[in-house]
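Input: a single structure, listed below in structure tokens.
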Amino acid sequence: MTSPARLRAGLTLALTTALAVSAVPATQAAGPSTTHDGEAFKVRAVNAMVHAASARRATASGDTSRLVASPAARKAAAIDQAPDPQLPATRTLAAPDEVAVAATCDDLELDWTPTNDRVWIHWKDLGLSGYTISRQRDGGAWKQIGSVGAGKSSFLDRTVNPRGLATYRLDADNLSCQLGSWVTMATNDGWGVPDAVFGTVGAGDGTGALLMQDLYSYAMPSTLTGADPAYSPDGRLLAAADSANGTSWTLQISEISPRGVEGGYRSSSQPAGTLAAEPSFSPDGRRLVYTRYTVDAVTGDVTGSALRMIDVVTGVDSAVSGSTGLVQADWRSATTLIAAGGAQGEGLFTLAAAGGTKAPVAGTSNAGFPEVAPNGKTYFTTGDGTDFALNVLSTTGAITPLQTSTSHYFERPRVSPDGTLFYVDVDLMVLSDPTDNEFTVMSSTNGTGTPEPTAIGARRADGPDGFYGYDVRQPKSKGTSDFVGNAGPDILARDASGNLYAYPSTPDKIAGTRVKIGSGWNIYNAFLAAGDFNRDNRADILARDTSGKLWRYDGKGGGKLAARVQVGAGWGSYLPLAPGDFNGDGRADLIARSSTGELWLYPGTGLGTFATRTRLGTGWQGMNSIVGVGDFDLDNDADLVAREASTSRLWLYPGNGTGGFSARRLVGSGWNTFKGIAGPELLGTNPFVYAKTGDGKLLAYLVVGDGRFDGNEVYLVGTGWGPYSFTS
């Protein structure tokens, strides 16, 4: 294989997340720390949620006997009570005439918060008459995407793929202010920069808004509320404890959609006098374990705990037998939990997810907040009221302290889903006032070294706007074709002998050194890089044999495949294609054209199977090539391109994100000269379309703007591709 004659700069853009090492913030006074109101540190956060809610109810009812004012509130009250200063009454000075100063773009403080599937544009409201927001995708035309009235200061863009490049412009009165392009949020189609979500106790009696952000930006408002949030492994679901009044609690599981469909998916109302907290999804995302705390109706203190399990598919909520007294569970495997004992001095325990007898983990006294990383290591915290530590438990049982302190707690360790970034909540105590705490989320690479502060929940005072739990997500593309495991889309190619290879893309090559996946693939007359059909964040393959049976090969990473599983029959008269997530539910789908020209959508269930098909259209028999190309126009929705046999034209059929199409658009002509067409996910910041010429050359056409080819951006991937069938 030969590398391209020249490479677009965008191919080499990879967002680096190497974090500088800095010291953990010092406390404001020396000496040993104290326990929080005598509570075990493992349930302090839960008690804080309960106390904050009850304090708000007390304030609303006029009963302030249990309300403890923060130092800032006490200082403000003292200022309010101070007498007005007396000025000499000798003469009155006239104020000078005010000179109107025109607002500038600097005054607007225009900025953005990108996450993996949306961008929040925000600015300082200058009292102007209104604001118009426009966007220009890489090389595309300026397009107005929204407007807000006077007094507004933000706009949420859900119709842009943050993995591409875009520029925003804000127009208001006589101002026109522009944001520059940023580096892609993802390294090719692999793991992106982790998003975060954190919960607050808001202005009402119950929990406040769940706020979303990336590592470095401002918090983005969400339509959801809650505390102690947890993402599912694929980033599609979000669980959180929620309360409308601070008394009745519900564990709410919601879908997180780029199109803004954020709402109830499953919910579990908690009995009176109990609180749900610390949810954790199973590795396959189909179950959720959480702690149910018993709360004293008079004091609001936690008096007991046990683990419970929710079947995410059916919504059934059941007790985990043998879990009385356990808290803060995580999944050690698909069948085993690891949790902390709720009482002071207790350590970690393992327990079957189906329930049974809990087994203590040696050497973990005073342990809490276990978090199992993708490599099987368990991070946990310890604290006895004087000494605190962040530790790691290896798979062989060895325990290593990572951080120690006598001045602050470590809480809620989290590891990004790809295992590269590590987070921990540092609770910085004001030793002279144990009720006054400041939370900061720290981050480091691979959990080593001293973490540095992130923007997640940074320095949010314990109290009305308190920071109550956080989690991070890193959703991988459901249209992924990363079989080798280098976080780049691969070309799948079969030679005349039936050998199947993956050609991985790299930061400097569109097709790198090939990896053999298997042999004997000439028994199939169609095969697809189908995306992640079983939600294990690995690329899968669908293949049709000559009898019309459809088979699924689950990817295992590193170019390996699991044994095939039959997923259908009677497919001989259908042309299958893989669009990625076509209906916007976060799962990879399949589209197929019948011999009579009908186009059908087979929605993926995330379980390796398909839901009931729906018809997308008719008259498609005139197309002699239909290709799922991922997000061709960078609007966050999967698209198709189709070649018209009679005219040789190439048409874009933009997906609308809900299982249908927007109006088609001509993107090319003369494409009947090509003997094969394929389209991967993004290469760097841009989509590409591969095309094989009659003499065996493989070309890559770069897509820019809102979905068009740049005639100056065509690369020779390689020669000798004549005998190969390929897909991506």
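Please note that chains go A, B, ... in the order of the structure tokens, that every chain numbers its residues from 1, and that ligands are numbered from 1 in the order shown.
All residues in range 459-681 of chain A with a DSSP state of helix (DSSP H, G or I), computed from the backbone, read A:Trp521, A:Asn522, A:Ile523, A:Trp620, A:Gln621, A:Gly622, A:Trp671, A:Asn672, A:Thr673.
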List every residue of range 540-645 of chain A that has an atom at most 9 Å from any atom of range 509-522 of chain A, and for each one report the closest atom pair and its distance in Å to one decimal, counting only C-alpha atoms, with rows sorted by chain and then by increasing residue number, as a Markdown table.
| residue | atom | partner | partner_atom | distance |
| --- | --- | --- | --- | --- |
| A:Ala543 | CA | A:Trp521 | CA | 9.0 |
| A:Asp545 | CA | A:Asn522 | CA | 8.9 |
| A:Gly558 | CA | A:Val515 | CA | 8.7 |
| A:Gly559 | CA | A:Ile517 | CA | 5.4 |
| A:Lys560 | CA | A:Ile517 | CA | 6.2 |
| A:Leu561 | CA | A:Ile517 | CA | 7.4 |
Any chance you could export the current selection's N, CA and C atoms as an mmCIF file, in the first residue's frame?
data_model
loop_
_atom_site.group_PDB
_atom_site.id
_atom_site.type_symbol
_atom_site.label_atom_id
_atom_site.label_comp_id
_atom_site.auth_asym_id
_atom_site.auth_seq_id
_atom_site.Cartn_x
_atom_site.Cartn_y
_atom_site.Cartn_z
ATOM 1 N N ALA A 543 -22.598 -10.543 7.402
ATOM 2 C CA ALA A 543 -22.266 -11.204 6.137
ATOM 3 C C ALA A 543 -23.447 -12.058 5.681
ATOM 4 N N ASP A 545 -24.658 -15.220 3.214
ATOM 5 C CA ASP A 545 -24.144 -16.338 2.421
ATOM 6 C C ASP A 545 -25.017 -16.556 1.188
ATOM 7 N N GLY A 558 -8.432 -5.879 18.196
ATOM 8 C CA GLY A 558 -7.170 -6.428 17.704
ATOM 9 C C GLY A 558 -7.309 -7.259 16.450
ATOM 10 N N GLY A 559 -8.369 -7.028 15.661
ATOM 11 C CA GLY A 559 -8.554 -7.787 14.434
ATOM 12 C C GLY A 559 -9.138 -9.172 14.650
ATOM 13 N N LYS A 560 -9.648 -9.460 15.837
ATOM 14 C CA LYS A 560 -10.210 -10.773 16.149
ATOM 15 C C LYS A 560 -11.734 -10.713 16.117
ATOM 16 N N LEU A 561 -12.342 -11.863 15.762
ATOM 17 C CA LEU A 561 -13.789 -11.971 15.705
ATOM 18 C C LEU A 561 -14.256 -13.161 16.533
#
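Of the residues under consideration (A:Val316, A:Ala150, A:Ile133, A:Val484), A:Val316 shows the shortest atom-to-atom contact distance to Arg287 in chain A when counting only C-alpha atoms.
Of the listed residues (A:Thr454, A:Asn686, A:Ser129, A:Ser323), A:Asn686 comes nearest to Leu165 in chain A; the distances count only C-alpha atoms.
Using only C-alpha atoms for every distance, the candidate list A:Ser728, A:Thr404, A:Thr364, A:Asn624 yields A:Ser728 as the residue closest to Thr480 in chain A.
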Next on the checklist: Need the shell around Ala642 in chain A: protein/DNA/RNA residues with any atom at most 10 Å away, counting only C-alpha atoms. Skip same-chain ones fewer than 4 positions apart. Format as an NGL selection string?
Outcome noted: :A and (620 or 622-628 or 648-653 or 664 or 666-667 or 677)
Item to check | For CA of Ser232 in chain A and CA of Asp117 in chain A, the interatomic separation in Å (one decimal) | outcome: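 Computing it gives 15.5 Å between the two atoms.
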Item to check | Among the residues A:Ser481, A:Thr104, A:Leu699, A:Thr225, the one that comes closest to Ser176 in chain A [using only C-alpha atoms] | outcome: A:Thr104
Checklist entry - When distances are computed from only C-alpha atoms, which of A:Pro194, A:Gly711, A:Pro489, A:Gly586 shows the smallest separation from Phe422 in chain A? => result A:Pro194
Checklist entry - What residues in range 363-520 of chain A get the DSSP label strand (DSSP E)? Please answer as a PyMOL selection string. => result chain A and resi 367-372+378-383+388-393+399-405+408-415+421-429+437-445+452-453+460-461+467-473+490-494+500-504+515-518
